[in-house]
Amino acid sequence: AQSVTQPDIHITVSEGASLELRCNYSYGATPYLFWYVQSPGQGLQLLLKYFSGDTLVQGIKGFEAEFKRSQSSFNLRKPSVHWSDAAEYFCAVGNNAGNMLTFGGGTRLMVKP
Amino acid sequence: DAGVIQSPRHEVTEMGQEVTLRCKPISGHDYLFWYRQTMMRGLELLIYFNNNVPIDDSGMPEDRFSAKMPNASFSTLKIQPSEPRDSAVYFCASSLRGRAFFGQGTRLTVV
C-alpha cells in the first residue's frame, strides 16, 4: 500500500528565508509524486509533479522539489519565502497512472515578517 | 474552463437527513475523485471513477455513503442518513493524464 509521511505539522519561517518541507513516501514501484498547496477555505492547487526523468522538478510560484529514490523522499523547497506562501502544503503519491492519490497529513507554513 | 465546480459550498443539516453533494468536473477529464478532509484524518480518498465507471470505492466509510456519475459532466455524493461524524469538507477532483484539479470543496456540518 502506498503512504506518505510529512514529519513537520507546523513550520514557521521568516519572510525572505529559504524553505524546505519534508516528504517521505512508501510505494512499491516508481512513484508518481505531487505537491499541492491549500489556502484557507480553498481547494488544493497543484504546485508540481514528478513522473520520471530529471529528479529536480520546477513548479509554480518559485517552488521546486527533488526526488531522491535512495531516501524515499520528495522534499519541497523555495529559496526565498513570501508572506503569501503561508498555507498548508500536502505531498501526495499516486499509483502507476498518477491517479488514486494518497496524501500526507500536511504541513502548515506560517511566514513571519 | 471554470475548473471543478462543487455545490453547495456550505451545507448544514440535521442528523438523519439526506445530504447530496454535487460536482461538475473539468470537461475532457477522464477521472473523478471524491475526497473527505477532517482535522483528525486528513485527506481521505472515498471513491474514484474512470470514464464514469466507479473503479475503487474502498474508501467509502459506510453504506450510508453512495456516489454516482451518470455522465461525464456530473457526479453526486450522497449521505443517507447523515450523522454528526460526517461533518467535514468534501472535495471533488478531476484529472487527465495524472494531473488532478480540485474543487473548492463543500463544508458539511451535521448537527
# chains A, B, ... in the order shown; residues from 1 in each chain; ligands from 1
>>> closest_atom_pairs(of="chain B", to="chain A", cutoff="7 Å", atoms="only C-alpha atoms", output="JSON lines")
{"residue": "B:Gly42", "atom": "CA", "partner": "A:Gly105", "partner_atom": "CA", "distance": 5.6}
{"residue": "B:Leu43", "atom": "CA", "partner": "A:Phe103", "partner_atom": "CA", "distance": 6.3}
{"residue": "B:Gly98", "atom": "CA", "partner": "A:Gly98", "partner_atom": "CA", "distance": 4.2}
{"residue": "B:Phe101", "atom": "CA", "partner": "A:Gln45", "partner_atom": "CA", "distance": 6.9}
{"residue": "B:Phe102", "atom": "CA", "partner": "A:Leu44", "partner_atom": "CA", "distance": 5.6}
{"residue": "B:Gly103", "atom": "CA", "partner": "A:Gly43", "partner_atom": "CA", "distance": 5.5}
{"residue": "B:Gln104", "atom": "CA", "partner": "A:Gly43", "partner_atom": "CA", "distance": 4.1}
{"residue": "B:Gly105", "atom": "CA", "partner": "A:Gly43", "partner_atom": "CA", "distance": 6.1}
>>> write_last_selection(atoms="N, CA and C atoms", output="CSV table (one decimal), in the first residue's frame")
chain,number,residue,atom,x,y,z
B,42,GLY,N,-7.2,13.9,8.1
B,42,GLY,CA,-6.6,14.5,6.9
B,42,GLY,C,-7.4,14.3,5.7
B,43,LEU,N,-6.8,14.1,4.5
B,43,LEU,CA,-7.4,14.0,3.2
B,43,LEU,C,-7.6,12.5,3.0
B,98,GLY,N,-3.0,12.1,-15.1
B,98,GLY,CA,-2.4,12.1,-13.8
B,98,GLY,C,-2.3,13.5,-13.2
B,101,PHE,N,-7.1,18.3,-10.6
B,101,PHE,CA,-7.6,19.6,-10.2
B,101,PHE,C,-8.7,19.5,-9.2
B,102,PHE,N,-8.7,20.3,-8.1
B,102,PHE,CA,-9.6,20.2,-7.1
B,102,PHE,C,-10.7,21.3,-7.1
B,103,GLY,N,-11.9,20.9,-6.7
B,103,GLY,CA,-12.9,22.0,-6.5
B,103,GLY,C,-12.6,22.7,-5.2
B,104,GLN,N,-13.4,23.6,-4.9
B,104,GLN,CA,-13.2,24.4,-3.6
B,104,GLN,C,-13.8,23.7,-2.4
B,105,GLY,N,-14.5,22.6,-2.6
B,105,GLY,CA,-15.0,21.9,-1.5
B,105,GLY,C,-16.4,22.3,-1.0
>>> residues_around(residues="A:Gln58", least_positions_apart="4", cutoff="12 Å", atoms="only C-alpha atoms", output="ChimeraX atom specification")
/A:34-35,46-50,54,62-67,76-78
>>> atom_distance(atom1="atom CA of A:Ile9", atom2="atom CA of A:Ser73")
16.6 Å
>>> residues_around(residues="B:Asp63", least_positions_apart="2", cutoff="12 Å", atoms="only C-alpha atoms", output="VMD selection string")
chain B and resid 57 to 61 65 to 67 78 to 82
>>> write_last_selection(atoms="N, CA, C and O atoms", output="short mmCIF file (atom, residue, chain, number, x, y, z; two decimals), in the first residue's frame")
data_model
loop_
_atom_site.label_atom_id
_atom_site.label_comp_id
_atom_site.auth_asym_id
_atom_site.auth_seq_id
_atom_site.Cartn_x
_atom_site.Cartn_y
_atom_site.Cartn_z
N ASP B 57 -14.13 1.98 -4.55
CA ASP B 57 -14.93 2.66 -3.52
C ASP B 57 -14.54 2.16 -2.13
O ASP B 57 -15.33 2.28 -1.19
N SER B 58 -13.36 1.62 -2.01
CA SER B 58 -12.95 1.05 -0.72
C SER B 58 -12.81 2.11 0.37
O SER B 58 -12.79 1.78 1.55
N GLY B 59 -12.71 3.36 -0.01
CA GLY B 59 -12.60 4.43 0.97
C GLY B 59 -13.93 4.94 1.49
O GLY B 59 -13.96 5.73 2.45
N MET B 60 -15.01 4.49 0.91
CA MET B 60 -16.33 4.92 1.38
C MET B 60 -16.53 4.32 2.78
O MET B 60 -16.48 3.10 2.96
N PRO B 61 -16.80 5.19 3.75
CA PRO B 61 -16.78 4.71 5.14
C PRO B 61 -17.88 3.72 5.49
O PRO B 61 -17.65 2.80 6.26
N PHE B 65 -23.01 6.01 2.64
CA PHE B 65 -22.40 6.83 1.59
C PHE B 65 -22.58 6.14 0.23
O PHE B 65 -22.33 4.94 0.10
N SER B 66 -22.98 6.93 -0.75
CA SER B 66 -23.04 6.40 -2.12
C SER B 66 -22.65 7.51 -3.09
O SER B 66 -22.84 8.69 -2.80
N ALA B 67 -22.10 7.13 -4.20
CA ALA B 67 -21.70 8.10 -5.22
C ALA B 67 -22.11 7.59 -6.59
O ALA B 67 -22.08 6.38 -6.85
N LYS B 78 -23.78 11.10 -1.99
CA LYS B 78 -24.96 11.16 -1.14
C LYS B 78 -24.68 10.49 0.19
O LYS B 78 -24.03 9.43 0.25
N ILE B 79 -25.18 11.09 1.25
CA ILE B 79 -25.09 10.50 2.60
C ILE B 79 -26.51 10.39 3.12
O ILE B 79 -27.23 11.38 3.22
N GLN B 80 -26.91 9.17 3.44
CA GLN B 80 -28.27 8.94 3.91
C GLN B 80 -28.30 7.73 4.84
O GLN B 80 -28.02 6.62 4.38
N PRO B 81 -28.62 7.92 6.11
CA PRO B 81 -28.85 9.18 6.80
C PRO B 81 -27.53 9.80 7.28
O PRO B 81 -26.56 9.09 7.53
N SER B 82 -27.51 11.09 7.39
CA SER B 82 -26.28 11.76 7.83
C SER B 82 -26.14 11.69 9.36
O SER B 82 -27.13 11.58 10.09
#
>>> residues_around(residues="B:Tyr31", least_positions_apart="5", cutoff="8 Å", atoms="only C-alpha atoms", output="ChimeraX atom specification")
/A:99 /B:48-52,94-96
>>> write_last_selection(atoms="N, CA, C and O atoms", output="short mmCIF file (atom, residue, chain, number, x, y, z; two decimals), in the first residue's frame")
data_model
loop_
_atom_site.label_atom_id
_atom_site.label_comp_id
_atom_site.auth_asym_id
_atom_site.auth_seq_id
_atom_site.Cartn_x
_atom_site.Cartn_y
_atom_site.Cartn_z
N ASN A 99 -2.91 8.46 -10.79
CA ASN A 99 -4.20 8.72 -10.16
C ASN A 99 -4.23 8.11 -8.78
O ASN A 99 -3.24 7.66 -8.26
N TYR B 48 -13.31 6.75 -6.58
CA TYR B 48 -12.99 7.43 -7.82
C TYR B 48 -13.58 6.70 -9.02
O TYR B 48 -13.82 5.49 -8.97
N PHE B 49 -13.81 7.46 -10.06
CA PHE B 49 -14.41 6.99 -11.30
C PHE B 49 -13.42 7.18 -12.45
O PHE B 49 -12.66 8.14 -12.46
N ASN B 50 -13.49 6.28 -13.40
CA ASN B 50 -12.75 6.43 -14.65
C ASN B 50 -13.77 6.31 -15.78
O ASN B 50 -14.44 5.27 -15.88
N ASN B 51 -13.86 7.33 -16.60
CA ASN B 51 -14.86 7.33 -17.67
C ASN B 51 -16.25 6.98 -17.15
O ASN B 51 -16.94 6.12 -17.73
N ASN B 52 -16.60 7.58 -16.06
CA ASN B 52 -17.93 7.48 -15.43
C ASN B 52 -18.16 6.16 -14.71
O ASN B 52 -19.24 5.97 -14.13
N SER B 94 -10.98 16.29 -10.50
CA SER B 94 -10.95 15.57 -11.77
C SER B 94 -9.53 15.63 -12.32
O SER B 94 -8.77 16.54 -12.00
N SER B 95 -9.20 14.65 -13.12
CA SER B 95 -7.84 14.62 -13.65
C SER B 95 -7.80 14.06 -15.06
O SER B 95 -8.70 13.34 -15.52
N LEU B 96 -6.73 14.43 -15.73
CA LEU B 96 -6.42 13.92 -17.06
C LEU B 96 -4.91 13.70 -17.08
O LEU B 96 -4.15 14.60 -16.69
#
>>> atom_distance(atom1="atom CA of B:Pro8", atom2="atom CA of B:Met69")
17.2 Å
>>> select_by_dssp(residues="chain B", states="strand (DSSP E)", output="mmCIF file with N, CA and C atoms, in the first residue's frame")
data_model
loop_
_atom_site.group_PDB
_atom_site.id
_atom_site.type_symbol
_atom_site.label_atom_id
_atom_site.label_comp_id
_atom_site.auth_asym_id
_atom_site.auth_seq_id
_atom_site.Cartn_x
_atom_site.Cartn_y
_atom_site.Cartn_z
ATOM 1 N N ILE B 5 -16.305 22.386 -10.321
ATOM 2 C CA ILE B 5 -17.319 23.164 -9.615
ATOM 3 C C ILE B 5 -18.088 22.259 -8.669
ATOM 4 N N GLN B 6 -18.119 22.663 -7.412
ATOM 5 C CA GLN B 6 -18.846 21.898 -6.409
ATOM 6 C C GLN B 6 -19.979 22.746 -5.834
ATOM 7 N N SER B 7 -21.060 22.063 -5.525
ATOM 8 C CA SER B 7 -22.161 22.755 -4.859
ATOM 9 C C SER B 7 -22.840 21.806 -3.883
ATOM 10 N N HIS B 10 -21.429 25.340 1.253
ATOM 11 C CA HIS B 10 -21.662 25.039 2.668
ATOM 12 C C HIS B 10 -23.012 24.352 2.804
ATOM 13 N N GLU B 11 -23.074 23.383 3.707
ATOM 14 C CA GLU B 11 -24.327 22.677 3.948
ATOM 15 C C GLU B 11 -24.417 22.384 5.436
ATOM 16 N N VAL B 12 -25.510 22.817 6.030
ATOM 17 C CA VAL B 12 -25.776 22.477 7.423
ATOM 18 C C VAL B 12 -27.070 21.683 7.441
ATOM 19 N N THR B 13 -27.030 20.531 8.052
ATOM 20 C CA THR B 13 -28.201 19.679 8.064
ATOM 21 C C THR B 13 -28.339 18.997 9.409
ATOM 22 N N VAL B 19 -28.192 14.037 2.553
ATOM 23 C CA VAL B 19 -27.367 15.125 2.027
ATOM 24 C C VAL B 19 -26.839 14.707 0.663
ATOM 25 N N THR B 20 -26.910 15.609 -0.299
ATOM 26 C CA THR B 20 -26.369 15.338 -1.633
ATOM 27 C C THR B 20 -25.391 16.433 -2.014
ATOM 28 N N LEU B 21 -24.178 16.014 -2.288
ATOM 29 C CA LEU B 21 -23.134 16.928 -2.734
ATOM 30 C C LEU B 21 -22.939 16.740 -4.239
ATOM 31 N N ARG B 22 -22.685 17.838 -4.916
ATOM 32 C CA ARG B 22 -22.622 17.789 -6.375
ATOM 33 C C ARG B 22 -21.277 18.258 -6.900
ATOM 34 N N CYS B 23 -20.917 17.717 -8.046
ATOM 35 C CA CYS B 23 -19.623 18.050 -8.634
ATOM 36 C C CYS B 23 -19.727 18.060 -10.148
ATOM 37 N N LYS B 24 -19.168 19.104 -10.734
ATOM 38 C CA LYS B 24 -19.027 19.180 -12.186
ATOM 39 C C LYS B 24 -17.537 19.168 -12.498
ATOM 40 N N TYR B 31 -10.947 11.126 -15.163
ATOM 41 C CA TYR B 31 -11.045 10.602 -13.796
ATOM 42 C C TYR B 31 -11.755 11.616 -12.917
ATOM 43 N N LEU B 32 -12.531 11.085 -11.981
ATOM 44 C CA LEU B 32 -13.179 11.946 -10.993
ATOM 45 C C LEU B 32 -13.017 11.299 -9.614
ATOM 46 N N PHE B 33 -12.700 12.126 -8.640
ATOM 47 C CA PHE B 33 -12.408 11.648 -7.292
ATOM 48 C C PHE B 33 -13.269 12.404 -6.274
ATOM 49 N N TRP B 34 -13.651 11.706 -5.243
ATOM 50 C CA TRP B 34 -14.253 12.335 -4.073
ATOM 51 C C TRP B 34 -13.331 12.103 -2.876
ATOM 52 N N TYR B 35 -12.972 13.208 -2.204
ATOM 53 C CA TYR B 35 -12.129 13.163 -1.012
ATOM 54 C C TYR B 35 -12.893 13.783 0.150
ATOM 55 N N ARG B 36 -12.506 13.358 1.344
ATOM 56 C CA ARG B 36 -13.019 13.971 2.554
ATOM 57 C C ARG B 36 -11.837 14.474 3.360
ATOM 58 N N GLN B 37 -11.974 15.679 3.917
ATOM 59 C CA GLN B 37 -10.896 16.249 4.716
ATOM 60 C C GLN B 37 -11.401 16.586 6.121
ATOM 61 N N THR B 38 -10.748 16.036 7.116
ATOM 62 C CA THR B 38 -11.040 16.337 8.516
ATOM 63 C C THR B 38 -9.730 16.597 9.233
ATOM 64 N N GLY B 42 -7.194 13.902 8.082
ATOM 65 C CA GLY B 42 -6.582 14.495 6.899
ATOM 66 C C GLY B 42 -7.433 14.273 5.665
ATOM 67 N N LEU B 43 -6.773 14.145 4.529
ATOM 68 C CA LEU B 43 -7.449 13.953 3.242
ATOM 69 C C LEU B 43 -7.569 12.460 2.955
ATOM 70 N N GLU B 44 -8.792 12.006 2.784
ATOM 71 C CA GLU B 44 -9.036 10.594 2.511
ATOM 72 C C GLU B 44 -9.753 10.459 1.170
ATOM 73 N N LEU B 45 -9.283 9.539 0.362
ATOM 74 C CA LEU B 45 -9.967 9.236 -0.888
ATOM 75 C C LEU B 45 -11.164 8.338 -0.579
ATOM 76 N N LEU B 46 -12.330 8.777 -0.999
ATOM 77 C CA LEU B 46 -13.540 7.993 -0.751
ATOM 78 C C LEU B 46 -13.824 7.044 -1.906
ATOM 79 N N ILE B 47 -13.820 7.586 -3.123
ATOM 80 C CA ILE B 47 -14.169 6.810 -4.303
ATOM 81 C C ILE B 47 -13.619 7.521 -5.517
ATOM 82 N N TYR B 48 -13.315 6.754 -6.580
ATOM 83 C CA TYR B 48 -12.995 7.433 -7.824
ATOM 84 C C TYR B 48 -13.583 6.701 -9.020
ATOM 85 N N PHE B 49 -13.814 7.461 -10.062
ATOM 86 C CA PHE B 49 -14.409 6.992 -11.304
ATOM 87 C C PHE B 49 -13.419 7.181 -12.453
ATOM 88 N N ASN B 50 -13.487 6.280 -13.402
ATOM 89 C CA ASN B 50 -12.753 6.433 -14.652
ATOM 90 C C ASN B 50 -13.767 6.309 -15.779
ATOM 91 N N VAL B 53 -17.213 5.278 -14.695
ATOM 92 C CA VAL B 53 -17.382 3.974 -14.057
ATOM 93 C C VAL B 53 -16.660 3.974 -12.707
ATOM 94 N N PRO B 54 -17.337 3.570 -11.643
ATOM 95 C CA PRO B 54 -16.651 3.521 -10.337
ATOM 96 C C PRO B 54 -15.573 2.449 -10.348
ATOM 97 N N ILE B 55 -14.367 2.838 -9.961
ATOM 98 C CA ILE B 55 -13.231 1.932 -10.002
ATOM 99 C C ILE B 55 -12.892 1.393 -8.611
ATOM 100 N N ASP B 56 -12.877 2.266 -7.652
ATOM 101 C CA ASP B 56 -12.478 1.865 -6.294
ATOM 102 C C ASP B 56 -13.296 2.670 -5.293
ATOM 103 N N PHE B 65 -23.012 6.012 2.642
ATOM 104 C CA PHE B 65 -22.403 6.826 1.586
ATOM 105 C C PHE B 65 -22.577 6.140 0.234
ATOM 106 N N SER B 66 -22.977 6.930 -0.752
ATOM 107 C CA SER B 66 -23.040 6.404 -2.117
ATOM 108 C C SER B 66 -22.652 7.509 -3.087
ATOM 109 N N ALA B 67 -22.097 7.128 -4.205
ATOM 110 C CA ALA B 67 -21.697 8.099 -5.221
ATOM 111 C C ALA B 67 -22.107 7.590 -6.586
ATOM 112 N N LYS B 68 -22.466 8.537 -7.435
ATOM 113 C CA LYS B 68 -22.855 8.202 -8.798
ATOM 114 C C LYS B 68 -22.195 9.163 -9.767
ATOM 115 N N MET B 69 -22.051 8.700 -10.975
ATOM 116 C CA MET B 69 -21.570 9.569 -12.048
ATOM 117 C C MET B 69 -22.367 9.200 -13.300
ATOM 118 N N PRO B 70 -23.538 9.782 -13.459
ATOM 119 C CA PRO B 70 -24.420 9.397 -14.566
ATOM 120 C C PRO B 70 -23.900 9.801 -15.938
ATOM 121 N N ASN B 71 -23.032 10.816 -15.967
ATOM 122 C CA ASN B 71 -22.430 11.219 -17.243
ATOM 123 C C ASN B 71 -21.099 11.888 -16.976
ATOM 124 N N PHE B 74 -21.022 15.226 -14.545
ATOM 125 C CA PHE B 74 -21.747 15.379 -13.294
ATOM 126 C C PHE B 74 -21.550 14.177 -12.389
ATOM 127 N N SER B 75 -21.360 14.464 -11.111
ATOM 128 C CA SER B 75 -21.271 13.393 -10.124
ATOM 129 C C SER B 75 -21.913 13.857 -8.822
ATOM 130 N N THR B 76 -22.438 12.910 -8.075
ATOM 131 C CA THR B 76 -23.014 13.210 -6.768
ATOM 132 C C THR B 76 -22.441 12.281 -5.713
ATOM 133 N N LEU B 77 -22.360 12.813 -4.521
ATOM 134 C CA LEU B 77 -22.022 12.024 -3.338
ATOM 135 C C LEU B 77 -23.178 12.204 -2.358
ATOM 136 N N LYS B 78 -23.785 11.100 -1.986
ATOM 137 C CA LYS B 78 -24.958 11.161 -1.143
ATOM 138 C C LYS B 78 -24.683 10.488 0.193
ATOM 139 N N ILE B 79 -25.175 11.088 1.248
ATOM 140 C CA ILE B 79 -25.087 10.503 2.595
ATOM 141 C C ILE B 79 -26.510 10.394 3.124
ATOM 142 N N ALA B 88 -17.390 17.442 7.734
ATOM 143 C CA ALA B 88 -16.067 17.503 7.112
ATOM 144 C C ALA B 88 -16.157 18.418 5.911
ATOM 145 N N VAL B 89 -15.025 18.601 5.246
ATOM 146 C CA VAL B 89 -15.025 19.247 3.942
ATOM 147 C C VAL B 89 -14.851 18.151 2.898
ATOM 148 N N TYR B 90 -15.735 18.137 1.944
ATOM 149 C CA TYR B 90 -15.716 17.123 0.895
ATOM 150 C C TYR B 90 -15.233 17.781 -0.400
ATOM 151 N N PHE B 91 -14.184 17.202 -0.958
ATOM 152 C CA PHE B 91 -13.617 17.732 -2.192
ATOM 153 C C PHE B 91 -13.879 16.777 -3.348
ATOM 154 N N CYS B 92 -14.175 17.368 -4.460
ATOM 155 C CA CYS B 92 -14.221 16.640 -5.720
ATOM 156 C C CYS B 92 -13.012 17.080 -6.530
ATOM 157 N N ALA B 93 -12.421 16.146 -7.242
ATOM 158 C CA ALA B 93 -11.295 16.467 -8.114
ATOM 159 C C ALA B 93 -11.470 15.712 -9.425
ATOM 160 N N SER B 94 -10.979 16.292 -10.502
ATOM 161 C CA SER B 94 -10.949 15.570 -11.769
ATOM 162 C C SER B 94 -9.533 15.626 -12.321
ATOM 163 N N SER B 95 -9.205 14.649 -13.121
ATOM 164 C CA SER B 95 -7.843 14.618 -13.649
ATOM 165 C C SER B 95 -7.804 14.060 -15.063
ATOM 166 N N LEU B 96 -6.728 14.432 -15.733
ATOM 167 C CA LEU B 96 -6.416 13.922 -17.056
ATOM 168 C C LEU B 96 -4.910 13.704 -17.079
ATOM 169 N N ARG B 99 -2.880 14.511 -13.780
ATOM 170 C CA ARG B 99 -2.823 15.833 -13.180
ATOM 171 C C ARG B 99 -4.215 16.188 -12.661
ATOM 172 N N ALA B 100 -4.363 16.225 -11.353
ATOM 173 C CA ALA B 100 -5.672 16.419 -10.729
ATOM 174 C C ALA B 100 -5.907 17.878 -10.361
ATOM 175 N N PHE B 101 -7.121 18.306 -10.576
ATOM 176 C CA PHE B 101 -7.560 19.640 -10.191
ATOM 177 C C PHE B 101 -8.714 19.486 -9.205
ATOM 178 N N PHE B 102 -8.656 20.271 -8.148
ATOM 179 C CA PHE B 102 -9.642 20.153 -7.083
ATOM 180 C C PHE B 102 -10.662 21.280 -7.140
ATOM 181 N N THR B 106 -17.014 21.319 -0.376
ATOM 182 C CA THR B 106 -18.287 21.560 0.310
ATOM 183 C C THR B 106 -18.053 21.312 1.791
ATOM 184 N N ARG B 107 -18.293 22.338 2.585
ATOM 185 C CA ARG B 107 -18.162 22.167 4.037
ATOM 186 C C ARG B 107 -19.500 21.681 4.584
ATOM 187 N N LEU B 108 -19.513 20.457 5.060
ATOM 188 C CA LEU B 108 -20.730 19.848 5.580
ATOM 189 C C LEU B 108 -20.699 19.850 7.096
ATOM 190 N N THR B 109 -21.770 20.349 7.682
ATOM 191 C CA THR B 109 -21.939 20.309 9.131
ATOM 192 C C THR B 109 -23.243 19.590 9.433
ATOM 193 N N VAL B 110 -23.138 18.514 10.195
ATOM 194 C CA VAL B 110 -24.328 17.754 10.587
ATOM 195 C C VAL B 110 -24.539 17.975 12.073
#
>>> atom_distance(atom1="atom CA of A:Pro40", atom2="atom CA of B:Met15")
26.7 Å
>>> closest_residue(among="A:Val93, A:Val37, A:Ala17, A:Ala87", to="A:Ala1", atoms="only C-alpha atoms")
A:Val93
>>> residues_around(residues="A:Ser80", least_positions_apart="4", cutoff="8 Å", atoms="only C-alpha atoms", output="VMD selection string")
chain A and resid 15 to 19
>>> residues_around(residues="A:Pro7", least_positions_apart="5", cutoff="9 Å", atoms="only C-alpha atoms", output="tab-separated table (two decimals) with C-alpha atoms, in the first residue's frame")
chain	number	residue	atom	x	y	z
A	21	LEU	CA	9.25	20.91	3.56
A	22	ARG	CA	9.90	17.26	4.05
A	23	CYS	CA	8.04	14.38	2.45
A	24	ASN	CA	8.73	10.67	2.64
A	105	GLY	CA	-1.02	14.79	6.71
A	106	GLY	CA	0.05	18.21	5.52
A	107	THR	CA	2.47	20.86	6.78
